[in-house]
Amino acid sequence: MISRILSLFQRYASRHAQIRRPGFPLHDGQGRLFGQIDRIVVREGRLWVEGWALSGLVGLTNADQTVERVPSLVRDDLPFHDGEANGTPGFVLDMPLSLERTTFWAEREGTRHIQVLPPITRRDLAAMRWAQIAPFLRDVVRAFPAGVHWLRHRDPLSSARIKTALRLNTVIRSGQLDRLLFAEDGAAAEIPPAGWKQTGITVVVPVYNAFDLLPEVLGRVLDHTDLPWRLIIVEDCSSDAQVRPWLRGWQAALAPDIAARVTVIENETNLGFIRSVNRAFAAALPFGDHVVLLNSDAFVPAGWASRLIRPLLDQENVATVTPMSNDAEIFNIPAICQREDLRPGEADAIDRVAARFRPGAGLAEAPTGVGFCMAMHVDYLRRLPDLDTVFGRGYGEEVDWCQRARQMGGRHLGLGGLFVEHRGGTSFGSAEKRKLIRKNGETISRRYPRYDAEVQDFIGNDPLNTPRLALGLAWAGSRQKGAVPVYLAHDMGGGAEHYLQDRLKSDLEADATAVVLRVGGLSRWQIELHSTLGITRGETDSTDFVVRLLDLLPARRVIYSCAVGDRDPIALPEILMSLARGPGDRIEVLMHDFFPLSPSYMLLDSGGAYHGLPMPGADTDPAHGVMRPDGTRADLGQWREAWEALLDAAHAVTVFSENSRALVAQAYPQVAGSLVVTPHRLVTVVPVVQPKQPKDGVPVIGILGNIGHQKGAGVLRALSRLLARNNRARLVVIGNLPPDYSLASPARVHGDYRIEDIPGLVSRYGIGRWLIPSIWPETFSYTTHEALATGLPVFSFDLGAQGDAVRAAAAIRGQGGTIPLVRTEADLEAMLDVILKDREGR
């Protein structure tokens with residue numbers, strides 16, 4: 001038990017511990033500044049160096065390898081340097097940590113400038129790890145109840161809670177979704193304030209240029225405002241000579257009763273946005289109505305006003321309300337703080353979904369409002385009748401007003417139940433905008449020191465994630481011409497996740513969107529909307545709400561990737577089929593493992609051993625049955641019956657090796673003829689390496705990848721103990737082991753790695769051959785193919801796709817090969833004889 005706790009601590013420390021070192025300026029031979037290393041960080045076994053440089057190439061070099069980059073990351077946060085404008089190229093370099101000398105270098109005007117980085121010592125690493133003892137103990141206390149429950153029941157939910165408490169999740173988790181978002185989902189209708197439909201509003205529209213947008217912007221205010229209204233337009237002496245005459249003619253053409261509600265203020269000189277708005281506020285306040293500040297590039301939808309104003313009436317101390325948009329920072333969809341131009345008709349399609357939300361369900365308190373379309377309570381506007389003119393032409397003035405209102409007790413709400421399109425940036429160019437944002441942002445930070453942190457907290461917690469996700473799905477459904485792919489996946493990482501990420505990358509490169517429906521977390525479902533703008537996600541236990549959200553996609557391509565870790569997996573086939581009942585919907589099944597064949601998704605029995613494909617009736621091992629949440633147990637026959645229905649409904653069933661095809665065909669003979677064998681491709685090119693003999697002459701066997709029980713952790717533990725006695729070879733795991741498996745010295749566990757690190761790690765440890773110790777018939781083994789690609793001899797057990805690949809490579813190369821599955825120490829000795837039969841690995 002102690003060794004398990006120590007192993008768990010090492011994993012915890014590896015994930016969370018870090019060393020931070022200050023950076024330094026970069027000067028050329030004449031003493032001119034041409035760059036800066038901002039920070040040096042050691043974490044998760046890697047060295048990270050971040051900074052900027054006016055340089056053609058930068059890199060890191062140690063005794064084992066070199067990494068280099070062309071500085072390319074845009075750094076808008078930098079001041080001016082040597083007359084260079086903002087947007088200076090930045091860089092982030094990283095490589096496996098080495099205790100040997102590491103140098104940073106940068107090429108500048110044909111000269112390579114070299115700087116030795118501060119050394120990282122073993123004492124530094126030890127101190128870094130031991131500093132994690134206190135947080136580890138704190139998190140272990142939090143995980144203790146879940147740990148006790150897991151020891152009793154071995155259930156996926158307890159495992160997820162342990163990972164969450166220890167902050168070891170492989171997938172980013174999200175906030176809970178409000179399953180009562182839609183008004184028709186059975187929630188009691190909220191009673192509106194008495195007389196609220198008679199509440200009047202004054203809409204303030206400052207105008208400067210944007211001539212092409214004005215007819216539609218103003219026309220929508222007149223046509224779509226569903227409350228008594230007045231409109232105040234301030235024309236700020238536009239440089240476009242068409243604007244003012246058009247406004248005069250537009251007002252003159254209105255019906256007399258409509259024209260009487262429209263006021264056009266013409267500035268004799270250009271006053272700028274803030275002073276123009278202040279003039280409009282002064283004209284609006286005598287009417288006594290709530291005010292909506294509306295930009296001249298914001299397009300309100302049908303029935304917008306009553307939805308925007310209602311929170312001012314039925315909630316206490318609300319100073320502002322801001323709707324969702326495509327360009328409103330923290331109120332953006334589909335991804336927070338990511339702007340997106342909309343195509344014709346998309347905004348109205350999105351708002352038709354927003355209009356179905358239950359009043360109050362899509363509301364969240366925010367640190368500020370956003371002035372593109374912002375309802376302002378008249379009581380707060382009376383107390384704060386002006387925007388601060390210190391902000392010049394704009395940007396930040398509404399933040400300042402909102403912060404002053406907060407100091408008076410006012411609250412600012414984001415409204416998920418309304419979507420308003422904003423075609424921002426029409427007034428002046430992006431370079432000038434960046435300067436204003438930076439300058440005015442500094443003013444905000446000085447005045448309100450907590451504001452920036454509050455915004456980051458809002459972004460991190462995203463209290464608007466439910467309406468943001470729902471409207472994002474509506475956006476995806478309106479934008480995508482074909483069916484939107486919906487992947488069912490787990491959150492355990494591994495090869496299936498690598499494949500999924502590759503598929504998602506292809507989807508996004510085609511300017512498409514995709515949805516990932518994950519199982520195995522604290523909630524049964526996590527929904528992720530992927531687009532080129534980022535990922536919007538939320539969690540729920542409600543299957544009905546998941547179906548309701550995905551119904552926002554007109555057509556779906558449902559793809560089963562992997563569902564290991566789900567709480568009731570025998571119910572998944574029916575759920576997946578319910579998601580694909582439309583005329584344009586399709587189902588695809590990917591056999592990343594054998595979950596559709598058995599609850600033991602690697603076909604191992606309860607003792608952790610493989611004895612061939614289990615068959616209903618003949619195999620009653622408890623590993624091949626499943627306990628359902630209601631306490632009933634389903635046997636292998638019932639399991640196969642449920643998954644057979646999904647395979648029969650699927651338009652495509654893909655396997656990744658001939659070995660997998662044979663096993664699936666044996667389990668489900670009726671789909672044998674439709675199985676498609678499509679081997680994976682390696683996502684990253686694996687470099688060929690040259691073996692490096694260790695100094696002491698003892699051969700080194702490398703094991704690539706993260707090794708759990710099914711991947712052969714028990715084999716490695718037994719092999720390490722054998723080698724500790726006879727010293728015939730050393731083991732080095734390039735990856736990780738579970739906390740409950742520890743290797744006997746001198747075996748080493750390197751930890752996390754990247755494909756591009758392999759040559760340096762082979763050189764560092766003197767690896768001369770690879771062992772793939774997996775004890776189950778893998779459907780496709782990325783690590784096996786990565787090991788083969790290095791050119792070193794590779795050995796594996798004679799089973800599964802890994803055995804097929806190694807056997808085929810050995811026949812061509814004359815080195816490496818397959819070994820019978822070990823079950824005794826004598827088998828281990830025989831395996832070792834095969835692997836070490838010659839020092840060159842032939």
# chains A, B, ... in the order shown; residues from 1 in each chain; ligands from 1
$ select_by_dssp --residues "segment 131-344 of chain A" --states "alpha helix (DSSP H)" --output "MDAnalysis selection string"
chainID A and resid 133:153 156:165 214:224 243:252 256:259 272:284 304:314
$ residues_around --residues "Leu8 of chain A" --least-positions-apart "5" --cutoff "8 Å" --atoms "only C-alpha atoms" --output "JSON, numbers by chain"
{"A": [738, 739, 740]}
$ write_last_selection --atoms "N, CA and C atoms" --output "PDB file, in the first residue's frame"
ATOM      1  N   PRO A 738       0.767   2.811 -13.886  1.00  0.00           N
ATOM      2  CA  PRO A 738      -0.223   3.142 -12.857  1.00  0.00           C
ATOM      3  C   PRO A 738       0.417   3.194 -11.481  1.00  0.00           C
ATOM      4  N   PRO A 739      -0.212   3.892 -10.524  1.00  0.00           N
ATOM      5  CA  PRO A 739       0.356   4.019  -9.177  1.00  0.00           C
ATOM      6  C   PRO A 739       0.564   2.686  -8.466  1.00  0.00           C
ATOM      7  N   ASP A 740      -0.257   1.666  -8.812  1.00  0.00           N
ATOM      8  CA  ASP A 740      -0.143   0.401  -8.085  1.00  0.00           C
ATOM      9  C   ASP A 740       0.848  -0.571  -8.728  1.00  0.00           C
TER      10      ASP A 740
END
$ residues_around --residues "His592 of chain A" --least-positions-apart "2" --cutoff "9 Å" --atoms "only C-alpha atoms" --output "MDAnalysis selection string"
chainID A and resid 495:496 561:562 590 594:595 654:656 778:780
$ write_last_selection --atoms "C-alpha atoms" --output "PDB file, in the first residue's frame"
ATOM      1  CA  GLY A 495      -5.128   5.715 -29.099  1.00  0.00           C
ATOM      2  CA  ALA A 496      -8.865   6.236 -29.540  1.00  0.00           C
ATOM      3  CA  SER A 561     -15.722   5.896 -31.064  1.00  0.00           C
ATOM      4  CA  CYS A 562     -15.458   4.453 -27.558  1.00  0.00           C
ATOM      5  CA  LEU A 590     -15.393   2.405 -34.954  1.00  0.00           C
ATOM      6  CA  PHE A 594     -13.870  -4.625 -28.191  1.00  0.00           C
ATOM      7  CA  PHE A 595     -16.464  -2.912 -26.005  1.00  0.00           C
ATOM      8  CA  THR A 654     -14.769   0.090 -39.332  1.00  0.00           C
ATOM      9  CA  VAL A 655     -12.053  -2.097 -37.863  1.00  0.00           C
ATOM     10  CA  PHE A 656      -8.371  -1.230 -37.883  1.00  0.00           C
ATOM     11  CA  GLU A 778      -5.101  -4.780 -29.556  1.00  0.00           C
ATOM     12  CA  THR A 779      -7.335  -3.512 -32.354  1.00  0.00           C
ATOM     13  CA  PHE A 780      -4.483  -1.331 -33.572  1.00  0.00           C
TER      14      PHE A 780
END
$ closest_residue --among "A:Ile819, A:Ala453, A:Ala282, A:Val217" --to "Leu799 of chain A" --atoms "only C-alpha atoms"
A:Ile819
$ select_by_dssp --residues "segment 483-540 of chain A" --states "strand (DSSP E or B)" --output "number ranges by chain"
A: 484-489, 514-518, 525-531, 534-540
$ residues_around --residues "Thr540 of chain A" --least-positions-apart "6" --cutoff "8 Å" --atoms "only C-alpha atoms" --output "VMD selection string"
chain A and resid 176 to 179 523 to 526 546
$ residues_around --residues "Pro614 of chain A" --least-positions-apart "4" --cutoff "12 Å" --atoms "only C-alpha atoms" --output "number ranges by chain"
A: 594, 597-605, 609-610, 618-625, 635-637, 639-640, 663-664, 666-667
$ closest_residue --among "A:Ile703, A:Asn727, A:Glu346, A:Gly708" --to "Val794 of chain A" --atoms "only C-alpha atoms"
A:Ile703
$ residues_around --residues "Val370 of chain A" --least-positions-apart "4" --cutoff "8 Å" --atoms "only C-alpha atoms" --output "list in words"
Thr322, Ala328, Glu329, Met374, Glu398 and Val399 of chain A
$ closest_residue --among "A:Arg548, A:Lys692, A:Arg20, A:Arg123" --to "Val353 of chain A" --atoms "only C-alpha atoms"
A:Arg548
